[in-house]
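Asker: Pasting a structure here, questions to come.
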Amino acid sequence: MDPSAASQELFDLWKRQIEEGTQAWARMMAAGPGRGAPDPAAFWRPLMDQGVAGWSRIMSQGPASPDLFGQWKQFLDQWIEAWSKALGQAMGTEAFAQTLGSYLDRWLQAQGPVKKAGEESAETLLQALGLPSRAQVVGVARQLAEVDDRLERLEDGMAALLRRRDGREPQ
Amino acid sequence: MGQERFADVVERFTQGYAAPPPAPEVLTRWTDEIERARLRMTNFARLMLDPVEPRTGPTPRQEVYRKNKARLYRYGSAPTYRTPLLFVPNLGISRPYIFDLLPGGSFIEYMTAQGFDFYLLDWGTFGPEDNQLTVEDCVTRILPRMAAKALESSGAAGLSVLGYCMGAPLVASFVATYPEVPVKNFINMAGPIDFAKAGLFALWLDRRFFNVDRFVDVVGAIPADLVRAGFKLLKPTMDLSTSLNLWWNLWNDKYLEGFAALNKWANDYVAFPAEFFRHWVGDFYQQNQLVRGELRMGGRPVQLGRITCPVFVVGAREDYIAPPECVKALLEHVGSRDKEYVELPGGHISLIAGRGAAAHCWPKVSDWLARRS
């Protein structure tokens with residue numbers, strides 16, 4: 001018997017069983033309370049169709065070989081790629097950008113007061129312990145950077161003066 | 001569909017293999033596969049129990065200059081070409097050792113081996129004390145000084161500048177603002193220029209959906225974890241794909257060495273200074289001021305048309321951070337006569353790092369630059 005035909009038959013059967021199982025699950029969920037029950041079939045069907053279509057394509061390319069792992073890897077790669085494209089399309093819509101923006105807004109609303117309270121309590125604690133606060137340490141670091149800038153400008157000025165003295169630059 | 005029939009099919013499926021005697025090459029492949037499975041288990045245990053810190057940055061270098069967090073490094077010792085090359089990568093987001101990752105897999109090593117006097121500007125890792133740093137500071141204070149130091153150190157009269165990713169619009173702004181600086185050649189690798197074509201980030205950061213001022217006022221510096229979240233969101237399946245490829249290649253020690261180094265870099269995110277982020281998103285992404293000629297730096301207008309040196313633009317076909325059309329746009333706006341664009345296979349990172357880059361990108365950049373150095 002042709003091994004590719006046998007494996008094709010096996011996977012067709014596997015697909016049918018999964019579909020039947022999914023439909024049974026969907027019927028069970030639909031029978032539950034409330035009209036807002038999730039639709040697992042709608043979620044799983046594209047996933048399974050993509051997976052099985054990919055596998056069928058691999059199988060139809062030639063007889064099954066001992067490199068079944070390789071075929072499985074190809075199947076997973078195609079599956080991930082398909083989902084990556086689908087997610088990319090969904091995330092490339094204005095609706096997604098708007099949802100993301102609203103989520104960020106809500107996060108900022110919650111984050112702002114928490115961050116401020118955290119900073120104030122840390123400041124109070126450090127002050128009580130007689131330790132420099134974060135703002136003071138940052139202030140010192142900024143002053144050092146400013147001193148560095150001033151030194152640099154002095155160096156530049158001196159270099160320019162030296163060049164003029166040596167006649168390497170027009171006055 | 002009964003269990004009996006399923007069992008029949010399974011039996012026929014297995015018989016399908018058992019019927020003809022296995023060919024010797026089939027047996028060999030099975031033996032190889034079993035050996036790979038054994039190596040995968042061994043390497044997995046090693047990765048989990050005894051992870052080794054990869055040693056990155058193999059090319060010898062010396063620090064030429066430092067300004068606050070920024071460092072200027074010079075690589076190699078015996079350059080063939082007189083014109084030095086200043087490499088300006090992105091600021092924040094990630095560390096620049098990706099360009100000198102491993103021996104045999106390093107852009108910097110390759111370029112120095114080709115005879116270029118290679119200088120790297122490392123912007124550094126920022127803290128809260130750098131929150132006042134702006135894009136303008138980078139363009140008008142840091143870049144001119146680093147260019148001057150590279151010229152001084154090399155003793156050359158002019159230099160080439162290569163901007164990668166965010167480094168490219170910063171370099172473009174610098175060259176356009178200071179035409180008196182002797183920049184002989186400008187290369188843009190995967191650097192966004194026309195932000196209206198900048199893909200998902202342009203959409204997500206659109207003014208209608210993202211209030212950058214409010215964001216910066218609340219968050220301050222953009223922490224590394226938030227930067228990571230933003231980039232992960234661009235390609236949510238990336239981690240799954242990486243894990244799958246790791247499992248598949250876990251038997252291969254050479255792959256593991258590369259993976260460890262790349263994985264270290266890929267998880268080494270760098271924070272954005274607060275004001276830099278405000279201007280970067282506001283002026284570049286949201287208002288697209290660079291190509292609209294509305295940007296002013298150091299009191300001067302930034303006009304891309306004032307760039308007249310030879311320009312080489314390299315885009316990556318599968319780049320979703322800086323899509324090719326947004327990178328290529330530089331050619332429409334510069335005043336150069338000698339300008340060229342190539343689009344190569346790969347993504348934003350694989351354009352410049354990895355085996356594909358060594359085969360496609362590095363020789364192209366080196367050849368173009370060699371003729372003009």
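Each chain in the structure tokens gets a letter, A, B, ..., in the order shown, and its residues are numbered from 1; ligands are numbered from 1 in order too.
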Fewer than 5 positions away in the same chain doesn't count, so skip those; otherwise give me all residues within 12 Å of Leu104 (chain A), counting only C-alpha atoms, as a list in words.

Answerer: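 Once the adjacent positions are removed, what remains is Ala97, Gln98, Thr99, Gln109, Ala110, Gln111 and Gly112 of chain A; Trp204, Leu205, Phe209, Phe210, Asn211, Val212, Arg214, Phe215, Val218, Val219, Leu226 and Gly230 of chain B.
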
Asker: Could you save those same residues with N, CA and C atoms as a short mmCIF file (atom, residue, chain, number, x, y, z; two decimals), in the first residue's frame?

Answerer:
data_model
loop_
_atom_site.label_atom_id
_atom_site.label_comp_id
_atom_site.auth_asym_id
_atom_site.auth_seq_id
_atom_site.Cartn_x
_atom_site.Cartn_y
_atom_site.Cartn_z
N ALA A 97 -5.84 49.72 16.85
CA ALA A 97 -5.05 50.85 17.36
C ALA A 97 -5.87 51.63 18.38
N GLN A 98 -7.16 51.75 18.10
CA GLN A 98 -8.04 52.49 19.03
C GLN A 98 -8.18 51.72 20.35
N THR A 99 -8.34 50.41 20.25
CA THR A 99 -8.46 49.59 21.46
C THR A 99 -7.17 49.67 22.28
N GLN A 109 -4.23 56.05 33.62
CA GLN A 109 -5.10 56.58 34.68
C GLN A 109 -4.84 55.87 36.01
N ALA A 110 -4.62 54.56 35.90
CA ALA A 110 -4.38 53.78 37.12
C ALA A 110 -2.93 53.95 37.59
N GLN A 111 -2.03 54.03 36.63
CA GLN A 111 -0.60 54.05 36.93
C GLN A 111 -0.17 55.37 37.58
N GLY A 112 -0.74 56.50 37.09
CA GLY A 112 -0.32 57.83 37.53
C GLY A 112 -0.35 57.98 39.05
N TRP B 204 -0.15 52.60 15.39
CA TRP B 204 -0.40 52.56 16.83
C TRP B 204 -0.03 53.88 17.52
N LEU B 205 0.97 54.57 16.97
CA LEU B 205 1.42 55.82 17.59
C LEU B 205 0.72 57.05 17.01
N PHE B 209 -4.81 58.01 18.44
CA PHE B 209 -4.91 56.88 19.38
C PHE B 209 -3.92 56.95 20.54
N PHE B 210 -2.84 57.71 20.34
CA PHE B 210 -1.77 57.70 21.34
C PHE B 210 -1.39 59.13 21.70
N ASN B 211 -1.55 59.47 22.98
CA ASN B 211 -1.20 60.80 23.46
C ASN B 211 0.20 60.73 24.08
N VAL B 212 1.20 61.09 23.28
CA VAL B 212 2.59 60.91 23.73
C VAL B 212 2.92 61.81 24.93
N ARG B 214 0.93 62.86 27.36
CA ARG B 214 0.36 62.30 28.58
C ARG B 214 1.18 61.07 29.01
N PHE B 215 1.54 60.29 28.03
CA PHE B 215 2.29 59.06 28.31
C PHE B 215 3.62 59.39 28.99
N VAL B 218 3.33 60.85 32.59
CA VAL B 218 3.03 59.87 33.64
C VAL B 218 4.19 58.90 33.84
N VAL B 219 4.68 58.35 32.74
CA VAL B 219 5.67 57.26 32.84
C VAL B 219 7.09 57.78 33.05
N LEU B 226 8.71 48.05 29.04
CA LEU B 226 7.66 48.59 28.18
C LEU B 226 8.11 48.59 26.71
N GLY B 230 6.26 46.55 23.62
CA GLY B 230 5.90 47.16 22.34
C GLY B 230 6.44 46.36 21.16
#

Asker: Tell me which protein, DNA and RNA residues are within 9 Å of Arg306 (chain B), counting only C-alpha atoms, leaving out same-chain ones fewer than 6 positions away, and put them as a PyMOL selection string.

Answerer: chain B and resi 175-179+334-336

Asker: Output C-alpha atoms for every residue in the selection just made, as a PDB file, in the first residue's frame.

Answerer:
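Written output follows (out07.pdb):
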ATOM      1  CA  VAL B 175      24.048  65.723   7.676  1.00  0.00           C
ATOM      2  CA  ALA B 176      21.163  67.942   6.531  1.00  0.00           C
ATOM      3  CA  THR B 177      21.692  70.408   9.394  1.00  0.00           C
ATOM      4  CA  TYR B 178      25.485  70.627   9.119  1.00  0.00           C
ATOM      5  CA  PRO B 179      26.414  70.521   5.426  1.00  0.00           C
ATOM      6  CA  VAL B 334      18.021  64.049  -0.793  1.00  0.00           C
ATOM      7  CA  GLY B 335      19.794  66.336  -3.215  1.00  0.00           C
ATOM      8  CA  SER B 336      22.428  63.745  -4.112  1.00  0.00           C
TER       9      SER B 336
END

Asker: Of the candidates B:Phe201, B:Trp123, B:Trp368, B:Phe174, which one gets nearest to Arg66 (chain B) if we count only C-alpha atoms?

Answerer: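 Of all the options, B:Trp123 lies closest to Arg66 (chain B).
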
Asker: Just list as a PyMOL selection string whatever in region 200-267 of chain B DSSP marks as helix (DSSP H, G or I).

Answerer: chain B and resi 200-204+212-219+224-234+238-248+253-266

Asker: Give me, as a PyMOL selection string, all polymer residues having an atom no more than 12 Å from region 151-165 of chain A, counting only C-alpha atoms and skipping those fewer than 6 positions away in the same chain.

Answerer: (chain A and resi 144-145+171) or (chain B and resi 65-68+141-142+145+148-149)

Asker: Store the residues picked out above, limited to N, CA and C atoms, as a PDB file, in the first residue's frame.

Answerer:
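Dumped to part_7.pdb:
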ATOM      1  N   LEU A 144      26.660  66.623  37.194  1.00  0.00           N
ATOM      2  CA  LEU A 144      27.929  66.100  36.662  1.00  0.00           C
ATOM      3  C   LEU A 144      27.949  66.171  35.138  1.00  0.00           C
ATOM      4  N   ALA A 145      26.802  65.794  34.530  1.00  0.00           N
ATOM      5  CA  ALA A 145      26.720  65.840  33.064  1.00  0.00           C
ATOM      6  C   ALA A 145      26.858  67.273  32.567  1.00  0.00           C
ATOM      7  N   GLN A 171      40.439  84.345  11.181  1.00  0.00           N
ATOM      8  CA  GLN A 171      39.872  85.030  12.358  1.00  0.00           C
ATOM      9  C   GLN A 171      38.520  85.677  12.032  1.00  0.00           C
TER      10      GLN A 171
ATOM     11  N   TYR B  65      36.538  58.200  22.577  1.00  0.00           N
ATOM     12  CA  TYR B  65      35.954  59.374  23.223  1.00  0.00           C
ATOM     13  C   TYR B  65      34.707  58.975  23.989  1.00  0.00           C
ATOM     14  N   ARG B  66      34.402  59.742  25.035  1.00  0.00           N
ATOM     15  CA  ARG B  66      33.151  59.510  25.759  1.00  0.00           C
ATOM     16  C   ARG B  66      32.492  60.840  26.095  1.00  0.00           C
ATOM     17  N   LYS B  67      31.181  60.851  25.987  1.00  0.00           N
ATOM     18  CA  LYS B  67      30.427  62.056  26.342  1.00  0.00           C
ATOM     19  C   LYS B  67      29.207  61.587  27.100  1.00  0.00           C
ATOM     20  N   ASN B  68      29.185  61.859  28.383  1.00  0.00           N
ATOM     21  CA  ASN B  68      28.141  61.353  29.276  1.00  0.00           C
ATOM     22  C   ASN B  68      28.028  59.834  29.080  1.00  0.00           C
ATOM     23  N   ARG B 141      24.547  68.066  19.312  1.00  0.00           N
ATOM     24  CA  ARG B 141      25.655  68.071  20.269  1.00  0.00           C
ATOM     25  C   ARG B 141      26.483  66.790  20.239  1.00  0.00           C
ATOM     26  N   ILE B 142      25.799  65.656  20.188  1.00  0.00           N
ATOM     27  CA  ILE B 142      26.567  64.399  20.276  1.00  0.00           C
ATOM     28  C   ILE B 142      27.135  63.996  18.911  1.00  0.00           C
ATOM     29  N   ARG B 145      30.109  66.102  17.538  1.00  0.00           N
ATOM     30  CA  ARG B 145      31.330  65.861  18.316  1.00  0.00           C
ATOM     31  C   ARG B 145      31.933  64.501  17.993  1.00  0.00           C
ATOM     32  N   ALA B 148      33.566  64.657  14.675  1.00  0.00           N
ATOM     33  CA  ALA B 148      34.837  65.397  14.770  1.00  0.00           C
ATOM     34  C   ALA B 148      35.916  64.522  15.397  1.00  0.00           C
ATOM     35  N   LYS B 149      35.542  63.760  16.422  1.00  0.00           N
ATOM     36  CA  LYS B 149      36.518  62.902  17.111  1.00  0.00           C
ATOM     37  C   LYS B 149      36.976  61.764  16.201  1.00  0.00           C
TER      38      LYS B 149
END

Asker: Between A:Gln143, A:Thr124, A:Ser84, A:Ser133, which one has atoms that come closest to chain B, using only C-alpha atoms?

Answerer: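 Selected residue with least distance to chain B: A:Ser84.
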
Asker: Between CA of Tyr269 (chain B) and CA of Asp77 (chain A), what is the spacing in Å?

Answerer: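 A separation of 26.7 Å between them.
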